[in-house]
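Text of the file target.txt, holding compact mmCIF, C-alpha atoms:
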# COMPACT_ATOMS: atom_id res chain seq x y z
CA MET A 95 -5.64 -0.80 -23.40
CA SER A 96 -4.60 -4.34 -22.61
CA THR A 97 -7.20 -6.74 -21.35
CA PRO A 98 -6.55 -8.84 -18.23
CA ALA A 99 -6.18 -11.92 -20.42
CA ALA A 100 -3.15 -10.36 -22.07
CA ILE A 101 -1.44 -9.56 -18.78
CA ALA A 102 1.19 -11.81 -17.23
CA THR A 103 0.09 -13.65 -14.10
CA SER A 104 1.90 -14.94 -11.03
CA PRO A 105 2.49 -18.66 -10.24
CA SER A 106 -0.78 -18.61 -8.30
CA HIS A 107 -4.00 -18.71 -10.28
CA ALA A 108 -6.52 -16.00 -9.42
CA THR A 109 -10.00 -17.23 -8.58
CA ALA A 110 -13.35 -15.45 -8.52
CA PRO A 111 -13.51 -13.03 -5.59
CA GLY A 112 -16.74 -14.41 -4.16
CA ARG A 113 -18.81 -12.52 -1.62
CA TRP A 114 -17.07 -9.73 0.27
CA PRO A 115 -16.53 -10.77 3.92
CA TRP A 116 -17.94 -8.04 6.15
CA PRO A 117 -15.39 -6.99 8.80
CA PRO A 118 -16.65 -7.55 12.37
CA LEU A 119 -16.61 -3.82 13.10
CA LEU A 120 -18.95 -3.08 10.20
CA GLN A 121 -21.25 -5.94 11.16
CA ALA A 122 -21.39 -4.55 14.69
CA SER A 123 -22.01 -1.04 13.33
CA ILE A 124 -25.03 -2.22 11.34
CA GLY A 125 -26.41 -4.00 14.40
CA LEU A 126 -25.88 -0.90 16.50
CA HIS A 127 -27.71 1.30 13.99
CA ALA A 128 -30.62 -1.16 13.90
CA ALA A 129 -30.79 -1.29 17.70
CA ALA A 130 -30.62 2.49 17.94
CA ALA A 131 -33.44 2.88 15.41
CA ALA A 132 -35.61 0.34 17.26
CA SER A 133 -34.95 2.04 20.61
CA LEU A 134 -36.51 5.28 19.38
CA ALA A 135 -39.90 3.65 19.99
CA TRP A 136 -39.27 4.17 23.72
CA PRO A 137 -39.52 7.74 25.07
CA GLY A 138 -36.26 9.07 26.40
CA ALA A 139 -34.12 6.60 24.45
CA TRP A 140 -33.04 9.00 21.74
CA PRO A 141 -30.03 10.47 23.66
CA TRP A 142 -28.59 6.96 24.08
CA ALA A 143 -29.35 6.10 20.45
CA MET A 144 -27.83 9.27 19.01
CA GLY A 145 -24.82 9.08 21.34
CA SER A 146 -24.13 5.48 20.36
CA ILE A 147 -24.34 6.24 16.65
CA ALA A 148 -22.05 9.28 17.03
CA ALA A 149 -19.48 7.20 18.93
CA ASN A 150 -19.65 4.51 16.27
CA HIS A 151 -19.05 7.00 13.49
CA LEU A 152 -16.08 8.42 15.36
CA LEU A 153 -14.63 4.91 15.63
CA LEU A 154 -15.13 4.25 11.91
CA THR A 155 -13.53 7.59 11.05
CA GLY A 156 -10.59 6.89 13.34
CA ALA A 157 -10.09 3.47 11.74
CA GLY A 158 -9.90 5.12 8.31
CA LEU A 159 -7.43 7.73 9.53
CA TRP A 160 -5.12 5.07 11.04
CA PRO A 161 -3.21 3.70 8.01
CA ARG A 162 -2.20 0.46 9.75
CA SER A 163 -5.69 -0.36 11.02
CA ALA A 164 -7.29 -3.65 10.00
CA LEU A 165 -10.71 -2.73 11.44
CA LEU A 166 -12.15 -1.86 8.00
CA GLY A 167 -10.82 -4.94 6.21
CA PRO A 168 -7.58 -6.85 5.61
CA ASN A 169 -4.44 -4.73 5.72
CA VAL A 170 -1.00 -6.17 5.01
CA ARG A 171 1.33 -4.57 7.56
CA ARG A 172 4.00 -7.28 7.60
CA LEU A 173 5.03 -10.21 5.46
CA ASP A 174 3.90 -13.63 6.61
CA THR A 175 5.64 -15.74 9.23
CA ALA A 176 7.45 -17.88 6.63
CA ALA A 177 8.97 -14.80 5.01
CA ALA A 178 9.89 -13.43 8.42
CA ALA A 179 11.62 -16.71 9.32
CA ARG A 180 13.66 -16.49 6.11
CA GLY A 181 14.74 -12.97 6.99
CA ASP A 182 12.84 -11.43 4.08
CA TRP A 183 11.60 -7.85 4.31
CA ALA A 184 10.08 -5.47 1.76
CA LEU A 185 11.42 -2.08 0.73
CA THR A 186 8.54 -0.06 -0.73
CA LEU A 187 8.81 3.31 -2.49
CA ASP A 188 5.83 5.60 -3.00
CA ASP A 189 4.71 8.49 -5.22
CA GLY A 190 7.00 7.95 -8.22
CA PRO A 191 8.26 7.55 -10.73
CA ASP A 192 10.32 10.74 -10.53
CA PRO A 193 12.47 11.45 -13.61
CA GLU A 194 15.39 12.67 -11.47
CA VAL A 195 15.23 10.60 -8.28
CA THR A 196 13.98 7.21 -9.50
CA PRO A 197 16.91 6.54 -11.90
CA ALA A 198 19.36 7.29 -9.08
CA VAL A 199 17.42 4.93 -6.80
CA LEU A 200 17.59 2.20 -9.44
CA ASP A 201 21.35 2.66 -9.71
CA LEU A 202 21.73 2.32 -5.93
CA LEU A 203 19.54 -0.79 -5.78
CA ALA A 204 21.52 -2.37 -8.62
CA GLU A 205 24.78 -1.56 -6.84
CA HIS A 206 23.54 -3.39 -3.74
CA GLY A 207 21.90 -6.21 -5.71
CA VAL A 208 18.45 -5.84 -4.13
CA HIS A 209 14.91 -5.48 -5.39
CA ALA A 210 12.16 -3.14 -4.23
CA THR A 211 8.45 -2.49 -4.75
CA PHE A 212 7.47 0.80 -6.38
CA PHE A 213 3.95 1.97 -5.54
CA CYS A 214 3.51 4.19 -8.57
CA ILE A 215 1.04 6.98 -9.23
CA ALA A 216 -0.33 5.85 -12.59
CA GLU A 217 -0.55 9.34 -14.08
CA ARG A 218 3.14 9.86 -13.33
CA ALA A 219 3.98 6.41 -14.66
CA ALA A 220 2.19 7.17 -17.95
CA ALA A 221 4.36 10.28 -18.33
CA GLN A 222 7.55 8.21 -17.83
CA PRO A 223 6.94 4.93 -19.70
CA ALA A 224 10.62 4.22 -20.39
CA LEU A 225 11.44 4.68 -16.71
CA VAL A 226 8.65 2.31 -15.67
CA ARG A 227 9.95 -0.28 -18.11
CA ARG A 228 13.42 0.15 -16.63
CA ILE A 229 12.02 -0.50 -13.14
CA VAL A 230 10.46 -3.76 -14.30
CA ALA A 231 13.46 -4.84 -16.40
CA ALA A 232 15.66 -4.49 -13.31
CA GLY A 233 13.48 -7.03 -11.46
CA HIS A 234 11.54 -4.63 -9.28
CA SER A 235 7.78 -4.72 -8.74
CA VAL A 236 5.32 -1.99 -9.75
CA GLN A 237 2.14 -1.75 -7.70
CA ASN A 238 -0.90 0.54 -7.54
CA HIS A 239 -0.81 3.86 -5.64
CA SER A 240 -3.93 5.26 -7.36
CA HIS A 241 -4.21 7.14 -10.63
CA VAL A 242 -3.63 10.75 -9.55
CA HIS A 243 -3.00 10.54 -5.76
CA ARG A 244 -6.03 12.67 -4.90
CA HIS A 245 -5.86 14.53 -1.58
CA ASN A 246 -9.55 13.77 -1.00
CA PHE A 247 -9.15 10.07 -1.79
CA SER A 248 -10.41 8.97 1.64
CA LEU A 249 -13.68 10.84 1.04
CA LEU A 250 -14.59 9.01 -2.17
CA GLY A 251 -17.46 6.56 -2.49
CA PRO A 252 -17.44 3.14 -4.18
CA ARG A 253 -17.67 4.53 -7.74
CA GLY A 254 -14.94 7.09 -7.11
CA PHE A 255 -12.67 4.43 -5.59
CA GLU A 256 -13.28 2.06 -8.48
CA ARG A 257 -12.62 4.72 -11.13
CA GLU A 258 -9.40 5.85 -9.48
CA ILE A 259 -8.03 2.39 -8.70
CA ASP A 260 -9.16 0.47 -11.78
CA ARG A 261 -7.88 3.18 -14.13
CA ALA A 262 -4.48 2.92 -12.42
CA GLN A 263 -4.63 -0.87 -12.75
CA GLN A 264 -5.06 -0.67 -16.50
CA VAL A 265 -2.40 2.03 -17.00
CA LEU A 266 0.18 0.14 -14.96
CA ALA A 267 -0.69 -3.18 -16.58
CA ASP A 268 -0.25 -1.66 -20.04
CA LEU A 269 3.16 -0.29 -19.06
CA THR A 270 4.51 -3.33 -17.23
CA GLY A 271 2.68 -6.32 -18.72
CA ARG A 272 1.56 -7.38 -15.24
CA LEU A 273 -1.64 -6.50 -13.41
CA PRO A 274 -0.80 -5.16 -9.92
CA HIS A 275 -2.15 -7.15 -6.99
CA CYS A 276 -1.31 -4.66 -4.22
CA PHE A 277 -2.73 -1.22 -3.50
CA ARG A 278 -1.56 1.50 -1.11
CA ALA A 279 -3.99 4.33 -0.41
CA PRO A 280 -2.74 7.91 -0.80
CA ALA A 281 -1.36 8.91 2.62
CA GLY A 282 -2.72 5.55 3.83
CA LEU A 283 -6.16 7.11 4.44
CA ARG A 284 -9.45 5.44 3.51
CA ASN A 285 -13.04 4.83 4.59
CA PRO A 286 -15.26 1.74 5.08
CA LEU A 287 -16.24 1.72 1.39
CA LEU A 288 -12.72 0.98 0.08
CA ASP A 289 -12.26 -2.69 0.91
CA PRO A 290 -15.28 -3.97 -1.07
CA VAL A 291 -13.73 -2.30 -4.15
CA LEU A 292 -10.30 -3.83 -3.47
CA HIS A 293 -11.99 -7.21 -2.96
CA ARG A 294 -13.72 -7.01 -6.36
CA LEU A 295 -10.47 -5.97 -8.06
CA GLY A 296 -8.42 -8.67 -6.31
CA LEU A 297 -6.10 -6.19 -4.59
CA HIS A 298 -4.42 -6.40 -1.19
CA LEU A 299 -4.40 -3.21 0.84
CA VAL A 300 -0.75 -2.82 1.89
CA SER A 301 0.45 -0.39 4.54
CA TRP A 302 3.77 -0.75 6.37
CA THR A 303 5.53 -1.89 9.52
CA ARG A 304 7.31 1.45 9.83
CA ARG A 305 7.84 4.55 7.73
CA GLY A 306 10.70 7.02 7.51
CA PHE A 307 8.69 10.24 7.17
CA ASP A 308 11.22 11.10 4.48
CA THR A 309 8.86 13.61 2.85
CA ARG A 310 8.91 15.74 6.02
CA VAL A 311 12.26 15.18 7.77
CA ALA A 312 15.39 16.74 6.28
CA ASP A 313 17.91 14.74 8.34
CA PRO A 314 18.90 11.41 6.72
CA ALA A 315 20.37 10.12 10.00
CA ARG A 316 16.98 10.47 11.72
CA VAL A 317 15.18 8.72 8.89
CA LEU A 318 17.74 5.90 8.80
CA ALA A 319 17.51 5.41 12.57
CA ARG A 320 13.73 5.26 12.42
CA LEU A 321 13.76 2.62 9.69
CA SER A 322 16.68 0.47 10.82
CA SER A 323 16.03 0.36 14.56
CA GLY A 324 14.78 -3.17 15.19
CA LEU A 325 14.74 -4.03 11.47
CA ALA A 326 13.64 -7.66 11.23
CA GLY A 327 12.37 -10.28 8.83
CA GLY A 328 8.78 -9.63 7.80
CA ASP A 329 9.04 -5.84 7.98
CA ILE A 330 7.55 -3.63 5.27
CA LEU A 331 9.33 -0.26 5.13
CA LEU A 332 8.01 2.88 3.46
CA LEU A 333 10.14 5.50 1.69
CA HIS A 334 9.42 7.85 -1.22
CA ASP A 335 11.07 8.29 -4.60
CA GLY A 336 8.37 10.85 -5.43
CA HIS A 337 7.82 13.96 -3.29
CA ALA A 338 11.12 13.19 -1.57
CA SER A 339 12.49 15.77 0.85
CA ARG A 340 15.80 17.36 0.04
CA GLY A 341 18.83 17.71 2.29
CA ARG A 342 20.96 20.82 2.58
CA SER A 343 22.82 19.87 -0.59
CA GLY A 344 19.56 19.71 -2.53
CA ARG A 345 19.99 15.95 -3.00
CA ALA A 346 16.91 13.77 -2.41
CA LEU A 347 17.01 12.48 1.16
CA LEU A 348 16.21 8.94 0.03
CA LEU A 349 19.55 8.68 -1.78
CA ASP A 350 21.43 9.31 1.48
CA VAL A 351 19.27 6.89 3.47
CA LEU A 352 19.26 3.84 1.20
CA PRO A 353 22.96 2.88 1.32
CA GLY A 354 23.01 2.77 5.12
CA LEU A 355 19.68 0.94 5.30
CA LEU A 356 20.75 -1.73 2.83
CA GLN A 357 24.10 -2.17 4.56
CA ARG A 358 22.39 -2.69 7.93
CA SER A 359 20.04 -5.20 6.31
CA ARG A 360 23.00 -7.14 4.93
CA ASP A 361 24.87 -6.99 8.27
CA ALA A 362 21.78 -8.44 9.99
CA GLY A 363 21.53 -11.30 7.47
CA LEU A 364 18.26 -9.99 6.06
CA ARG A 365 17.13 -9.87 2.42
CA PRO A 366 14.88 -7.29 0.73
CA VAL A 367 12.24 -8.90 -1.53
CA THR A 368 9.43 -7.53 -3.65
CA LEU A 369 5.78 -7.81 -2.68
CA GLN A 370 5.26 -9.54 -6.01
CA ALA A 371 7.54 -12.34 -4.79
CA ALA A 372 6.39 -12.36 -1.17
CA LEU A 373 2.62 -11.97 -1.41
CA ALA A 374 0.20 -14.13 -3.37
CA PRO A 375 -2.72 -12.40 -5.14
CA ARG A 376 -5.68 -11.67 -2.87
CA HIS A 377 -7.84 -14.32 -4.53
CA ALA A 378 -5.48 -17.12 -5.41
CA GLU A 379 -5.47 -20.85 -5.74
CA ARG A 380 -2.03 -22.20 -4.95
CA VAL A 381 -0.66 -24.84 -7.33
CA ALA A 382 2.26 -27.20 -6.77
Show this structure as structure tokens.
Amino acid sequence: MSTPAAIATSPSHATAPGRWPWPPLLQASIGLHAAAAASLAWPGAWPWAMGSIAANHLLLTGAGLWPRSALLGPNVRRLDTAAAARGDWALTLDDGPDPEVTPAVLDLLAEHGVHATFFCIAERAAAQPALVRRIVAAGHSVQNHSHVHRHNFSLLGPRGFEREIDRAQQVLADLTGRLPHCFRAPAGLRNPLLDPVLHRLGLHLVSWTRRGFDTRVADPARVLARLSSGLAGGDILLLHDGHASRGRSGRALLLDVLPGLLQRSRDAGLRPVTLQAALAPRHAERVA
């Protein structure tokens, strides 16, 4: 496989990750556990101690089950204020590439002259190398959506996270010539052990401003309304070219949603951009 030195880089130069910055919630959790342990020296304190620890664990679990939460570490839910002021927004597509749907998506995007970010499952990408190269050749961005999209991803520990994410990094870098700098967790779910791994690998966790639920809803009008209502600069929208729901005609729902969404974006004076263009690497040193 290609080494990082052989992979194309962005205009920003990556720097060493340095020490992982503990999120305030995790710092408070450690303090709470220490205080609870110390309180056990006093008779009758154990109900308070155990209750506090249980409540803390429920909070940590809830933060992991809330895809847009930033309590467990940085989470890109919108583009920055400069991008928002320019009217830039990001169209992101998950779970591909799909040999039937993704080519049709690429045709639609080319017809409208816009670029998108494809969060690819690396195992699927490896099975469709020509399609991945077509995505990149058309000016779109390919980012990391894990290697196999495991349903138990949020239950993994540090080694499991690193194996799953780093393997996807290398596969996608070999296919595209560029090391991804964004990661989206399968289903958006995670636990407190994920961000230290992303920090070491130089990856942003990216969620979304709003999603279309296009893997569950069979009505393109409902999905379009959900995505386009209040569409504004800075938004990150989530759709799926993999695991896409099908309408009554059997056609992937995404293909009926995209034309209307892109037209509304154009009517509002907005411009879809890739995360590669809009977001600097997590550890970067800006140069003039």
> Between A:Gly251, A:Gly341, A:Gly181, A:Gly271, which one has atoms that come closest to Asp313 (chain A), using all atoms listed in the file?
Replying inline: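 The closest residue to Asp313 (chain A) is A:Gly341.
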> Near His245 (chain A), within 12 Å and counting all atoms listed in the file, which residues show up once chain neighbours fewer than 6 positions away are dropped, as a list in words?
Replying inline: Ala279, Pro280, Ala281, Gly282, Leu283 and Arg284 of chain A
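Residues in contact with Cys214 (chain A) at up to 8 Å, not including ones fewer than 6 positions away on its chain and judged by all atoms listed in the file, are Asp188, Asp189, Gly190, Pro191, Val236, Gln237, Asn238, His239 and Ser240 of chain A.
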Show me, as a tab-separated table (two decimals) with C-alpha atoms, keeping the file's coordinate frame, the residues that have an atom within 7 Å of Ala262 (chain A) when counting all atoms listed in the file, minus same-chain residues fewer than 2 positions from it.
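Here's the written file selection33.tsv:
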chain	number	residue	atom	x	y	z
A	216	ALA	CA	-0.33	5.85	-12.59
A	238	ASN	CA	-0.90	0.54	-7.54
A	240	SER	CA	-3.93	5.26	-7.36
A	241	HIS	CA	-4.21	7.14	-10.63
A	258	GLU	CA	-9.40	5.85	-9.48
A	259	ILE	CA	-8.03	2.39	-8.70
A	260	ASP	CA	-9.16	0.47	-11.78
A	264	GLN	CA	-5.06	-0.67	-16.50
A	265	VAL	CA	-2.40	2.03	-17.00
A	266	LEU	CA	0.18	0.14	-14.96
>> List the spatial neighbours of Ser359 (chain A) as a list in words - criterion: any atom at most 9 Å away, only C-alpha atoms, same-chain residues fewer than 5 positions off excluded.
In response: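 That gives Ser322, Leu325, Ala326, Gly354, Leu364, Arg365 and Pro366 of chain A.
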> Expressed in Å to a single decimal, how great is the separation between CA of Asp329 (chain A) and CA of Thr186 (chain A)?
Replying inline: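 According to the coordinates, CA of Asp329 (chain A) and CA of Thr186 (chain A) are separated by 10.5 Å.
Using only C-alpha atoms, the protein and nucleic acid residues lying no more than 6 Å from Ser339 (chain A), apart from those fewer than 5 places from it along its own chain, are Thr309, Ala346 and Leu347 of chain A.
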> Pick the closest to Leu120 (chain A) from A:Pro286, A:Arg360, A:Phe212, A:Arg272: which is it, counting all atoms listed in the file?
Replying inline: A:Pro286
> Do you have the CA of Arg113 (chain A)-CA of Leu299 (chain A) distance handy?
Replying inline: 17.3 Å
>> Let me make sure I understand: among A:Thr368, A:Ala129, A:Leu356, A:Ala148, which one has the smallest atom-to-atom distance to Ala232 (chain A) if we use all atoms listed in the file?
In response: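 Nearest to Ala232 (chain A): A:Thr368.
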>> At a cut-off of 12 Å around the point (-3.3, 2.2, 14.0) (file coordinates), what residues fall inside when counting all atoms listed in the file? I'd like the answer as a PyMOL selection string.
In response: chain A and resi 153+155-166+169+171+282-283+301-304
Take the residues from that selection and put them in a file with C-alpha atoms, as an mmCIF file, in the coordinates of the input.
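And here's again-v6.cif as it stands now:
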data_model
loop_
_atom_site.group_PDB
_atom_site.id
_atom_site.type_symbol
_atom_site.label_atom_id
_atom_site.label_comp_id
_atom_site.auth_asym_id
_atom_site.auth_seq_id
_atom_site.Cartn_x
_atom_site.Cartn_y
_atom_site.Cartn_z
ATOM 1 C CA LEU A 153 -14.630 4.910 15.630
ATOM 2 C CA THR A 155 -13.530 7.590 11.050
ATOM 3 C CA GLY A 156 -10.590 6.890 13.340
ATOM 4 C CA ALA A 157 -10.090 3.470 11.740
ATOM 5 C CA GLY A 158 -9.900 5.120 8.310
ATOM 6 C CA LEU A 159 -7.430 7.730 9.530
ATOM 7 C CA TRP A 160 -5.120 5.070 11.040
ATOM 8 C CA PRO A 161 -3.210 3.700 8.010
ATOM 9 C CA ARG A 162 -2.200 0.460 9.750
ATOM 10 C CA SER A 163 -5.690 -0.360 11.020
ATOM 11 C CA ALA A 164 -7.290 -3.650 10.000
ATOM 12 C CA LEU A 165 -10.710 -2.730 11.440
ATOM 13 C CA LEU A 166 -12.150 -1.860 8.000
ATOM 14 C CA ASN A 169 -4.440 -4.730 5.720
ATOM 15 C CA ARG A 171 1.330 -4.570 7.560
ATOM 16 C CA GLY A 282 -2.720 5.550 3.830
ATOM 17 C CA LEU A 283 -6.160 7.110 4.440
ATOM 18 C CA SER A 301 0.450 -0.390 4.540
ATOM 19 C CA TRP A 302 3.770 -0.750 6.370
ATOM 20 C CA THR A 303 5.530 -1.890 9.520
ATOM 21 C CA ARG A 304 7.310 1.450 9.830
#
Repair of region 236-268 of chain A at the level of N, CA and C atoms, as a PDB file, in the coordinates of the input:
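Listing of result11.pdb after writing:
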ATOM      1  N   VAL A 236       6.109  -3.217  -9.657  1.00  0.00           N
ATOM      2  CA  VAL A 236       5.320  -1.990  -9.750  1.00  0.00           C
ATOM      3  C   VAL A 236       3.908  -2.295  -9.260  1.00  0.00           C
ATOM      4  N   GLN A 237       3.459  -1.542  -8.272  1.00  0.00           N
ATOM      5  CA  GLN A 237       2.140  -1.750  -7.700  1.00  0.00           C
ATOM      6  C   GLN A 237       1.351  -0.439  -7.712  1.00  0.00           C
ATOM      7  N   ASN A 238       0.088  -0.517  -7.328  1.00  0.00           N
ATOM      8  CA  ASN A 238      -0.900   0.540  -7.540  1.00  0.00           C
ATOM      9  C   ASN A 238      -0.952   1.516  -6.351  1.00  0.00           C
ATOM     10  N   HIS A 239      -0.696   2.806  -6.652  1.00  0.00           N
ATOM     11  CA  HIS A 239      -0.810   3.860  -5.640  1.00  0.00           C
ATOM     12  C   HIS A 239      -1.834   4.901  -6.082  1.00  0.00           C
ATOM     13  N   SER A 240      -2.828   4.447  -6.830  1.00  0.00           N
ATOM     14  CA  SER A 240      -3.930   5.260  -7.360  1.00  0.00           C
ATOM     15  C   SER A 240      -3.518   5.914  -8.679  1.00  0.00           C
ATOM     16  N   HIS A 241      -4.495   6.532  -9.321  1.00  0.00           N
ATOM     17  CA  HIS A 241      -4.210   7.140 -10.630  1.00  0.00           C
ATOM     18  C   HIS A 241      -3.589   8.515 -10.499  1.00  0.00           C
ATOM     19  N   VAL A 242      -4.174   9.391  -9.655  1.00  0.00           N
ATOM     20  CA  VAL A 242      -3.630  10.750  -9.550  1.00  0.00           C
ATOM     21  C   VAL A 242      -3.234  11.144  -8.134  1.00  0.00           C
ATOM     22  N   HIS A 243      -3.370  10.240  -7.147  1.00  0.00           N
ATOM     23  CA  HIS A 243      -3.000  10.540  -5.760  1.00  0.00           C
ATOM     24  C   HIS A 243      -3.819  11.732  -5.243  1.00  0.00           C
ATOM     25  N   ARG A 244      -5.125  11.591  -5.308  1.00  0.00           N
ATOM     26  CA  ARG A 244      -6.030  12.670  -4.900  1.00  0.00           C
ATOM     27  C   ARG A 244      -5.936  12.915  -3.397  1.00  0.00           C
ATOM     28  N   HIS A 245      -5.920  14.192  -2.999  1.00  0.00           N
ATOM     29  CA  HIS A 245      -5.860  14.530  -1.580  1.00  0.00           C
ATOM     30  C   HIS A 245      -7.165  14.200  -0.867  1.00  0.00           C
ATOM     31  N   ASN A 246      -8.267  14.118  -1.611  1.00  0.00           N
ATOM     32  CA  ASN A 246      -9.550  13.770  -1.000  1.00  0.00           C
ATOM     33  C   ASN A 246      -9.905  12.307  -1.235  1.00  0.00           C
ATOM     34  N   PHE A 247      -8.898  11.481  -1.481  1.00  0.00           N
ATOM     35  CA  PHE A 247      -9.150  10.070  -1.790  1.00  0.00           C
ATOM     36  C   PHE A 247     -10.004   9.397  -0.719  1.00  0.00           C
ATOM     37  N   SER A 248      -9.705   9.667   0.554  1.00  0.00           N
ATOM     38  CA  SER A 248     -10.410   8.970   1.640  1.00  0.00           C
ATOM     39  C   SER A 248     -11.874   9.377   1.750  1.00  0.00           C
ATOM     40  N   LEU A 249     -12.290  10.397   0.998  1.00  0.00           N
ATOM     41  CA  LEU A 249     -13.680  10.840   1.040  1.00  0.00           C
ATOM     42  C   LEU A 249     -14.505  10.285  -0.120  1.00  0.00           C
ATOM     43  N   LEU A 250     -13.876   9.535  -1.008  1.00  0.00           N
ATOM     44  CA  LEU A 250     -14.590   9.010  -2.170  1.00  0.00           C
ATOM     45  C   LEU A 250     -15.560   7.911  -1.762  1.00  0.00           C
ATOM     46  N   GLY A 251     -16.556   7.678  -2.639  1.00  0.00           N
ATOM     47  CA  GLY A 251     -17.460   6.560  -2.490  1.00  0.00           C
ATOM     48  C   GLY A 251     -17.032   5.402  -3.371  1.00  0.00           C
ATOM     49  N   PRO A 252     -17.825   4.329  -3.411  1.00  0.00           N
ATOM     50  CA  PRO A 252     -17.440   3.140  -4.180  1.00  0.00           C
ATOM     51  C   PRO A 252     -17.118   3.431  -5.646  1.00  0.00           C
ATOM     52  N   ARG A 253     -17.933   4.250  -6.321  1.00  0.00           N
ATOM     53  CA  ARG A 253     -17.670   4.530  -7.740  1.00  0.00           C
ATOM     54  C   ARG A 253     -16.397   5.332  -7.913  1.00  0.00           C
ATOM     55  N   GLY A 254     -16.165   6.306  -7.023  1.00  0.00           N
ATOM     56  CA  GLY A 254     -14.940   7.090  -7.110  1.00  0.00           C
ATOM     57  C   GLY A 254     -13.715   6.231  -6.848  1.00  0.00           C
ATOM     58  N   PHE A 255     -13.779   5.349  -5.845  1.00  0.00           N
ATOM     59  CA  PHE A 255     -12.670   4.430  -5.590  1.00  0.00           C
ATOM     60  C   PHE A 255     -12.401   3.552  -6.802  1.00  0.00           C
ATOM     61  N   GLU A 256     -13.472   2.984  -7.366  1.00  0.00           N
ATOM     62  CA  GLU A 256     -13.280   2.060  -8.480  1.00  0.00           C
ATOM     63  C   GLU A 256     -12.694   2.765  -9.695  1.00  0.00           C
ATOM     64  N   ARG A 257     -13.174   3.986  -9.991  1.00  0.00           N
ATOM     65  CA  ARG A 257     -12.620   4.720 -11.130  1.00  0.00           C
ATOM     66  C   ARG A 257     -11.131   4.997 -10.922  1.00  0.00           C
ATOM     67  N   GLU A 258     -10.781   5.464  -9.753  1.00  0.00           N
ATOM     68  CA  GLU A 258      -9.400   5.850  -9.480  1.00  0.00           C
ATOM     69  C   GLU A 258      -8.455   4.656  -9.466  1.00  0.00           C
ATOM     70  N   ILE A 259      -8.898   3.555  -8.861  1.00  0.00           N
ATOM     71  CA  ILE A 259      -8.030   2.390  -8.700  1.00  0.00           C
ATOM     72  C   ILE A 259      -7.976   1.560  -9.970  1.00  0.00           C
ATOM     73  N   ASP A 260      -9.144   1.318 -10.588  1.00  0.00           N
ATOM     74  CA  ASP A 260      -9.160   0.470 -11.780  1.00  0.00           C
ATOM     75  C   ASP A 260      -8.462   1.155 -12.954  1.00  0.00           C
ATOM     76  N   ARG A 261      -8.602   2.471 -13.067  1.00  0.00           N
ATOM     77  CA  ARG A 261      -7.880   3.180 -14.130  1.00  0.00           C
ATOM     78  C   ARG A 261      -6.374   3.014 -13.948  1.00  0.00           C
ATOM     79  N   ALA A 262      -5.906   3.131 -12.701  1.00  0.00           N
ATOM     80  CA  ALA A 262      -4.480   2.920 -12.420  1.00  0.00           C
ATOM     81  C   ALA A 262      -4.074   1.489 -12.744  1.00  0.00           C
ATOM     82  N   GLN A 263      -4.940   0.524 -12.420  1.00  0.00           N
ATOM     83  CA  GLN A 263      -4.630  -0.870 -12.750  1.00  0.00           C
ATOM     84  C   GLN A 263      -4.340  -1.038 -14.230  1.00  0.00           C
ATOM     85  N   GLN A 264      -5.200  -0.478 -15.066  1.00  0.00           N
ATOM     86  CA  GLN A 264      -5.060  -0.670 -16.500  1.00  0.00           C
ATOM     87  C   GLN A 264      -3.824   0.064 -17.044  1.00  0.00           C
ATOM     88  N   VAL A 265      -3.581   1.278 -16.547  1.00  0.00           N
ATOM     89  CA  VAL A 265      -2.400   2.030 -17.000  1.00  0.00           C
ATOM     90  C   VAL A 265      -1.128   1.274 -16.642  1.00  0.00           C
ATOM     91  N   LEU A 266      -1.030   0.818 -15.400  1.00  0.00           N
ATOM     92  CA  LEU A 266       0.180   0.140 -14.960  1.00  0.00           C
ATOM     93  C   LEU A 266       0.345  -1.218 -15.636  1.00  0.00           C
ATOM     94  N   ALA A 267      -0.769  -1.905 -15.867  1.00  0.00           N
ATOM     95  CA  ALA A 267      -0.690  -3.180 -16.580  1.00  0.00           C
ATOM     96  C   ALA A 267      -0.213  -2.983 -18.014  1.00  0.00           C
ATOM     97  N   ASP A 268      -0.693  -1.939 -18.672  1.00  0.00           N
ATOM     98  CA  ASP A 268      -0.250  -1.660 -20.040  1.00  0.00           C
ATOM     99  C   ASP A 268       1.249  -1.365 -20.079  1.00  0.00           C
TER     100      ASP A 268
END
